[in-house]
Amino acid sequence: MSFFRNLTIRSKLTVILVGIVGLVLASAGAAFLIKDARMIRLSMIDQYSALADVLGANSTVALAFDDTSNAEDVLSTLKLESTVAFARTYDANGEVFATYQAEGFEHLDPPRIEAESMARFTGDFLHVAQPIEEDGEVVGSIYLLGTKTHLNSQLRRDLFYGALVLIVCLIVAYFMAASLQSLVSQPIMELAQATMLVSSNHDYSIRVDKHGNDELGVLYDGFNSMLNQIEQRDNKLASEIAERKRAEKRFSIAVNGAPTAMIMADIQGAIVLMNAAANQMFGYERDELVGEPIDLLLPERFRHTHSKHQDGPFTNSIDKSYENDPTLTLTLFSFTSPFTNSIDKSSENGRELFGLRRNGSEFPVEIGLSSIETDEGIFSLNSFMDISLRKQAEEKIKEWNVILEQRVSERTESLGRRTDELAVAVKQLERSNQELDDFAYIASHDLKEPLRGISNYASFLDEDYRDLMDEEGREKLVTLTRLCTRMEDLINSLLHFSRVGRADMAVQETNLNELLDGILDSLHVTLLEREIDVRIPESLPILKCDRVRIGEVFRNLITNGYKYNDKPEKWIEIGFTNDSSINDETGEAQTQLALYVRDNGIGIREKHLGSIFRIFKRLHGRDKFGGGTGAGLTFVKKIIERHGGKIWVQSTYGEGTTFYFTLEGG
């Protein structure tokens with residue numbers, strides 16, 4: 001650093017300009033390299049994720065039929081991907097199904113991947129694992145291991161070209177700075193020469209000619225103006241002294257007429273001035289205390305602090321120090337004020353400062369201190385304020401604070417008890433939910449077994465004794481089998497409903513357009529056979545939700561839309577709206593974004609609108625409109641409520657129905 005300070009202005013400017021250019025270019029290059037590395041890594045992750053999706057989709061058949069040979073053939077296509085070192089397919093139980101190892105990487109034996117879906121870099125490799133799904137069900141998983149050879153090679157190439165560009169730019173910047181720095185350094189050197197002449201010859205008539213109106217021009221003007229001011233200094237000095245005396249006189253008049261109690265003391269602590277407000281506050285007559293020590297206005301317990309300072313060596317050396325450094329004396333003088341020392345001490349001990357009246361009574365005061373330098377020396381100006389009323393108010397506030405703290409403590413204790421009670425209730429609720437889940441599973445299992453037995457025996461009777469029964473007997477066996485099937489459907493629906501309310505939600509950003517495309521694709525054959533026109537007026541939004549659960553909502557509503565439809569030209573419309581004129585089930589205006597599924601089906605009578613979401617509630621005959629358990633809308637309502645939303649219906653009988661629903665993520 002000392003070497004740089006001793007350089008000439010020209011050299012400093014050249015070094016600074018080249019350094020700034022180098023720093024900016026290096027920072028920009030580093031930012032570019034960091035961004036490029038990140039983009040390459042993300043691109044590699046996207047490439048491997050897409051490759052895993054393709055391989056997983058091609059492996060679903062092999063997993064379904066337990067065909068490891070076909071799965072290995074699918075993985076062998078990775079020979080075309082030079083960066084893939086290892087790949088492995090797992091079945092639904094997590095067991096190894098098929099493996100691929102690239103040439104040169106036979107020694108690799110990656111650990112078993114527990115995560116169903118991941119993408120991360122470790123060392124020189126990228127690990128990608130994804131589940132393999134078919135019809136929404138996980139049938140296995142796939143794991144890919146890729147090398148970062150291509151990534152590292154590209155980064156080294158970018159680093160080389162970046163360093164080359166930096167070196168070239170620094171060379172260009174050096175030559176440009178060396179040729180342009182004289183525009184700044186030359187005027188500064190001329191000003192430095194003029195300063196040396198003024199300093200050595202004391203010739204204040206010297207002036208410098210500025211070269212422009214920039215900052216250096218302002219500096220030239222300031223330099224010339226400073227010389228003019230020095231020449232005029234002696235002429236103004238006498239008038240300034242006279243003006244100061246007049247100002248001191250005005251100050252004395254202002255202090256005497258001020259409504260605030262003010263006392264001025266000299267450097268020895270003797271009172272030199274007391275205004276009328278101070279005389280009235282302390283109970284003294286006009287000028288009665290002039291010349292007396294200011295200690296008289298303090299209670300006895302505060303005076304020893306001031307005395308100790310007055311008797312010390314500091315007081316005797318003040319005059320001498322003032323001759324050498326008036327600023328130092330002005331600063332030290334504040335420590336000789338008795339009120340200053342008392343305030344410091346009272347602050348340390350947590351006590352209040354008090355004044356003392358002539359009659360011996362004490363009262364709390366607030367003091368402002370300042371030092372004033374005059375031709376006669378340094379004085380201390382003390383302002384006093386009687387804060388008795390404020391102290392009374394503070395005491396009252398303290399009393400109320402104690403009462404408030406007691407109330408807060410009581411409320412806190414009560415809240416703690418309620419929190420404990422709530423915790424116990426939560427544990428009981430969790431235990432109850434678990435017991436209910438266990439009961440639903442056991443009950444469904446125990447009920448299904450007798451039903452299967454009845455259904456099987458009915459089938460045996462129909463097969464073995466069909467010729468021994470008349471037509472009525474055979475019809476009764478068919479009815480018995482149908483009732484067993486319906487009972488099993490009801491039990492399954494009840495079990496599904498009990499689990500919908502307690503299953504964990506996998507909430508994530510979901511593109512509803514992609515979700516809906518998958519649902520419509522799975523229903524394509526049915527929609528084509530029934531000649532259903534599906535309308536989507538505009539692109540659906542992206543919301544936070546459980547993708548699988550909301551897919552179940554759309555599937556149920558779309559199925560109901562074409563199932564309960566007797567029109568020759570059937571259509572279903574899916575969209576969203578922010579229209580505040582649409583009222584929800586409470587009749588209030590709907591301001592939140594609402595999704596809807598609308599159809600031109602048979603509609604719902606108004607008297608049935610309040611009961612359609614009840615479980616097992618059907619508005620038509622058991623086998624009419626394709627049958628069913630009547631639990632679909634119940635599932636839909638439960639899923640929407642789990643998302644913090646609500647669902648309601650608007651329908652005109654004979655014309656069609658619209659189901660509206662909202663999500664908390666919307």
# chains A, B, ... in the order shown; residues from 1 in each chain; ligands from 1
>>> residues_around(residues="His524 (chain A)", least_positions_apart="5", cutoff="12 Å", atoms="only C-alpha atoms", output="JSON, numbers by chain")
{"A": [516, 517, 518, 519, 529, 530, 531, 532, 533, 534, 558, 559]}
>>> write_last_selection(atoms="N, CA, C and O atoms", output="PDB file, in the first residue's frame")
ATOM      1  N   LEU A 516     -55.391 -32.679 -16.985  1.00  0.00           N
ATOM      2  CA  LEU A 516     -56.645 -32.935 -17.685  1.00  0.00           C
ATOM      3  C   LEU A 516     -56.399 -33.707 -18.975  1.00  0.00           C
ATOM      4  O   LEU A 516     -57.216 -34.564 -19.360  1.00  0.00           O
ATOM      5  N   ASP A 517     -55.285 -33.421 -19.663  1.00  0.00           N
ATOM      6  CA  ASP A 517     -54.965 -34.172 -20.885  1.00  0.00           C
ATOM      7  C   ASP A 517     -54.820 -35.662 -20.589  1.00  0.00           C
ATOM      8  O   ASP A 517     -55.301 -36.511 -21.354  1.00  0.00           O
ATOM      9  N   GLY A 518     -54.171 -35.987 -19.476  1.00  0.00           N
ATOM     10  CA  GLY A 518     -54.012 -37.393 -19.120  1.00  0.00           C
ATOM     11  C   GLY A 518     -55.339 -38.064 -18.813  1.00  0.00           C
ATOM     12  O   GLY A 518     -55.584 -39.218 -19.194  1.00  0.00           O
ATOM     13  N   ILE A 519     -56.236 -37.360 -18.108  1.00  0.00           N
ATOM     14  CA  ILE A 519     -57.544 -37.932 -17.760  1.00  0.00           C
ATOM     15  C   ILE A 519     -58.372 -38.157 -19.021  1.00  0.00           C
ATOM     16  O   ILE A 519     -58.982 -39.217 -19.213  1.00  0.00           O
ATOM     17  N   GLU A 529     -67.171 -43.389 -27.863  1.00  0.00           N
ATOM     18  CA  GLU A 529     -68.344 -44.247 -28.035  1.00  0.00           C
ATOM     19  C   GLU A 529     -69.637 -43.498 -27.727  1.00  0.00           C
ATOM     20  O   GLU A 529     -70.650 -43.665 -28.406  1.00  0.00           O
ATOM     21  N   ARG A 530     -69.635 -42.663 -26.680  1.00  0.00           N
ATOM     22  CA  ARG A 530     -70.845 -41.937 -26.283  1.00  0.00           C
ATOM     23  C   ARG A 530     -71.012 -40.626 -27.052  1.00  0.00           C
ATOM     24  O   ARG A 530     -71.953 -39.883 -26.796  1.00  0.00           O
ATOM     25  N   GLU A 531     -70.042 -40.317 -27.940  1.00  0.00           N
ATOM     26  CA  GLU A 531     -70.100 -39.093 -28.747  1.00  0.00           C
ATOM     27  C   GLU A 531     -70.203 -37.852 -27.851  1.00  0.00           C
ATOM     28  O   GLU A 531     -71.068 -37.000 -28.016  1.00  0.00           O
ATOM     29  N   ILE A 532     -69.269 -37.749 -26.894  1.00  0.00           N
ATOM     30  CA  ILE A 532     -69.240 -36.625 -25.957  1.00  0.00           C
ATOM     31  C   ILE A 532     -68.296 -35.558 -26.501  1.00  0.00           C
ATOM     32  O   ILE A 532     -67.138 -35.842 -26.835  1.00  0.00           O
ATOM     33  N   ASP A 533     -68.778 -34.316 -26.581  1.00  0.00           N
ATOM     34  CA  ASP A 533     -67.960 -33.181 -27.009  1.00  0.00           C
ATOM     35  C   ASP A 533     -67.389 -32.502 -25.756  1.00  0.00           C
ATOM     36  O   ASP A 533     -68.129 -31.888 -24.988  1.00  0.00           O
ATOM     37  N   VAL A 534     -66.075 -32.622 -25.541  1.00  0.00           N
ATOM     38  CA  VAL A 534     -65.424 -32.020 -24.375  1.00  0.00           C
ATOM     39  C   VAL A 534     -64.879 -30.654 -24.785  1.00  0.00           C
ATOM     40  O   VAL A 534     -64.064 -30.556 -25.713  1.00  0.00           O
ATOM     41  N   ILE A 558     -66.324 -35.548 -14.618  1.00  0.00           N
ATOM     42  CA  ILE A 558     -66.479 -35.807 -16.058  1.00  0.00           C
ATOM     43  C   ILE A 558     -67.326 -37.057 -16.281  1.00  0.00           C
ATOM     44  O   ILE A 558     -68.209 -37.089 -17.156  1.00  0.00           O
ATOM     45  N   THR A 559     -67.076 -38.109 -15.486  1.00  0.00           N
ATOM     46  CA  THR A 559     -67.864 -39.346 -15.616  1.00  0.00           C
ATOM     47  C   THR A 559     -69.336 -39.081 -15.351  1.00  0.00           C
ATOM     48  O   THR A 559     -70.216 -39.560 -16.083  1.00  0.00           O
TER      49      THR A 559
END
>>> select_by_dssp(residues="region 40-136 of chain A", states="alpha helix (DSSP H)", output="short mmCIF file (atom, residue, chain, number, x, y, z; two decimals) with N, CA, C and O atoms, in the first residue's frame")
data_model
loop_
_atom_site.label_atom_id
_atom_site.label_comp_id
_atom_site.auth_asym_id
_atom_site.auth_seq_id
_atom_site.Cartn_x
_atom_site.Cartn_y
_atom_site.Cartn_z
N ILE A 40 -25.56 -26.04 -17.45
CA ILE A 40 -25.14 -27.34 -17.97
C ILE A 40 -25.62 -28.45 -17.04
O ILE A 40 -26.12 -29.50 -17.49
N ARG A 41 -25.47 -28.22 -15.73
CA ARG A 41 -25.91 -29.23 -14.75
C ARG A 41 -27.42 -29.45 -14.85
O ARG A 41 -27.91 -30.58 -14.86
N LEU A 42 -28.17 -28.33 -14.91
CA LEU A 42 -29.63 -28.46 -15.01
C LEU A 42 -30.02 -29.15 -16.32
O LEU A 42 -30.96 -29.95 -16.36
N SER A 43 -29.32 -28.81 -17.42
CA SER A 43 -29.61 -29.45 -18.70
C SER A 43 -29.34 -30.95 -18.63
O SER A 43 -30.10 -31.75 -19.17
N MET A 44 -28.24 -31.30 -17.95
CA MET A 44 -27.91 -32.72 -17.82
C MET A 44 -28.98 -33.45 -17.00
O MET A 44 -29.38 -34.57 -17.32
N ILE A 45 -29.44 -32.79 -15.92
CA ILE A 45 -30.50 -33.39 -15.09
C ILE A 45 -31.77 -33.58 -15.91
O ILE A 45 -32.42 -34.62 -15.88
N ASP A 46 -32.16 -32.53 -16.69
CA ASP A 46 -33.37 -32.64 -17.52
C ASP A 46 -33.21 -33.76 -18.54
O ASP A 46 -34.16 -34.52 -18.81
N GLN A 47 -32.00 -33.86 -19.16
CA GLN A 47 -31.77 -34.89 -20.17
C GLN A 47 -31.92 -36.28 -19.56
O GLN A 47 -32.59 -37.15 -20.13
N TYR A 48 -31.32 -36.48 -18.39
CA TYR A 48 -31.38 -37.80 -17.76
C TYR A 48 -32.79 -38.10 -17.24
O TYR A 48 -33.24 -39.24 -17.25
N SER A 49 -33.50 -37.06 -16.74
CA SER A 49 -34.87 -37.28 -16.28
C SER A 49 -35.76 -37.70 -17.45
O SER A 49 -36.58 -38.60 -17.33
N ALA A 50 -35.59 -37.02 -18.62
CA ALA A 50 -36.38 -37.40 -19.80
C ALA A 50 -36.01 -38.80 -20.26
O ALA A 50 -36.88 -39.60 -20.64
N LEU A 51 -34.69 -39.12 -20.21
CA LEU A 51 -34.26 -40.46 -20.60
C LEU A 51 -34.84 -41.52 -19.67
O LEU A 51 -35.28 -42.58 -20.12
N ALA A 52 -34.88 -41.20 -18.36
CA ALA A 52 -35.46 -42.13 -17.39
C ALA A 52 -36.95 -42.32 -17.65
O ALA A 52 -37.49 -43.42 -17.53
N ASP A 53 -37.66 -41.23 -18.02
CA ASP A 53 -39.09 -41.35 -18.33
C ASP A 53 -39.30 -42.28 -19.52
O ASP A 53 -40.20 -43.14 -19.52
N VAL A 54 -38.48 -42.10 -20.58
CA VAL A 54 -38.63 -42.93 -21.78
C VAL A 54 -38.34 -44.40 -21.46
O VAL A 54 -39.10 -45.30 -21.83
N LEU A 55 -37.22 -44.64 -20.77
CA LEU A 55 -36.85 -46.02 -20.42
C LEU A 55 -37.92 -46.64 -19.51
O LEU A 55 -38.26 -47.81 -19.65
N GLY A 56 -38.43 -45.83 -18.54
CA GLY A 56 -39.46 -46.35 -17.65
C GLY A 56 -40.72 -46.71 -18.41
O GLY A 56 -41.34 -47.75 -18.17
N ALA A 57 -41.13 -45.84 -19.36
CA ALA A 57 -42.34 -46.12 -20.14
C ALA A 57 -42.16 -47.38 -20.99
O ALA A 57 -43.09 -48.17 -21.16
N ASN A 58 -40.94 -47.58 -21.53
CA ASN A 58 -40.69 -48.77 -22.35
C ASN A 58 -40.53 -50.04 -21.52
O ASN A 58 -40.55 -51.15 -22.07
N SER A 59 -40.35 -49.87 -20.20
CA SER A 59 -40.14 -51.04 -19.32
C SER A 59 -41.41 -51.48 -18.62
O SER A 59 -41.39 -52.47 -17.89
N THR A 60 -42.50 -50.75 -18.79
CA THR A 60 -43.74 -51.11 -18.07
C THR A 60 -44.24 -52.49 -18.47
O THR A 60 -44.72 -53.28 -17.64
N VAL A 61 -44.15 -52.81 -19.78
CA VAL A 61 -44.62 -54.13 -20.25
C VAL A 61 -43.76 -55.24 -19.65
O VAL A 61 -44.28 -56.26 -19.17
N ALA A 62 -42.44 -55.04 -19.67
CA ALA A 62 -41.54 -56.06 -19.11
C ALA A 62 -41.80 -56.25 -17.62
O ALA A 62 -41.80 -57.38 -17.13
N LEU A 63 -42.05 -55.17 -16.90
CA LEU A 63 -42.35 -55.29 -15.46
C LEU A 63 -43.68 -55.99 -15.24
O LEU A 63 -43.84 -56.76 -14.29
N ALA A 64 -44.64 -55.68 -16.08
CA ALA A 64 -45.96 -56.28 -15.91
C ALA A 64 -45.92 -57.79 -16.12
O ALA A 64 -46.61 -58.54 -15.43
N THR A 68 -37.51 -60.06 -17.67
CA THR A 68 -36.24 -59.37 -17.44
C THR A 68 -35.45 -59.20 -18.73
O THR A 68 -34.71 -58.23 -18.90
N SER A 69 -35.60 -60.16 -19.66
CA SER A 69 -34.86 -60.06 -20.93
C SER A 69 -35.28 -58.82 -21.70
O SER A 69 -34.44 -58.08 -22.22
N ASN A 70 -36.57 -58.58 -21.75
CA ASN A 70 -37.07 -57.39 -22.46
C ASN A 70 -36.58 -56.12 -21.76
O ASN A 70 -36.21 -55.14 -22.41
N ALA A 71 -36.57 -56.13 -20.41
CA ALA A 71 -36.11 -54.96 -19.66
C ALA A 71 -34.63 -54.68 -19.93
O ALA A 71 -34.21 -53.53 -20.06
N GLU A 72 -33.83 -55.75 -20.02
CA GLU A 72 -32.40 -55.56 -20.30
C GLU A 72 -32.20 -55.05 -21.73
O GLU A 72 -31.29 -54.26 -22.00
N ASP A 73 -33.06 -55.50 -22.67
CA ASP A 73 -32.97 -54.98 -24.04
C ASP A 73 -33.27 -53.49 -24.06
O ASP A 73 -32.64 -52.72 -24.81
N VAL A 74 -34.24 -53.07 -23.24
CA VAL A 74 -34.57 -51.64 -23.18
C VAL A 74 -33.37 -50.86 -22.65
O VAL A 74 -33.00 -49.80 -23.18
N LEU A 75 -32.73 -51.38 -21.59
CA LEU A 75 -31.58 -50.67 -21.02
C LEU A 75 -30.37 -50.70 -21.95
O LEU A 75 -29.52 -49.80 -21.90
N SER A 76 -30.29 -51.75 -22.80
CA SER A 76 -29.12 -51.83 -23.69
C SER A 76 -29.09 -50.71 -24.72
O SER A 76 -28.06 -50.44 -25.32
#
>>> closest_residue(among="A:Asn556, A:Gln232, A:Thr658, A:Gln268", to="Ile639 (chain A)", atoms="only C-alpha atoms")
A:Asn556
>>> residues_around(residues="Ala258 (chain A)", least_positions_apart="5", cutoff="9 Å", atoms="only C-alpha atoms", output="number ranges by chain")
A: 253, 275-277
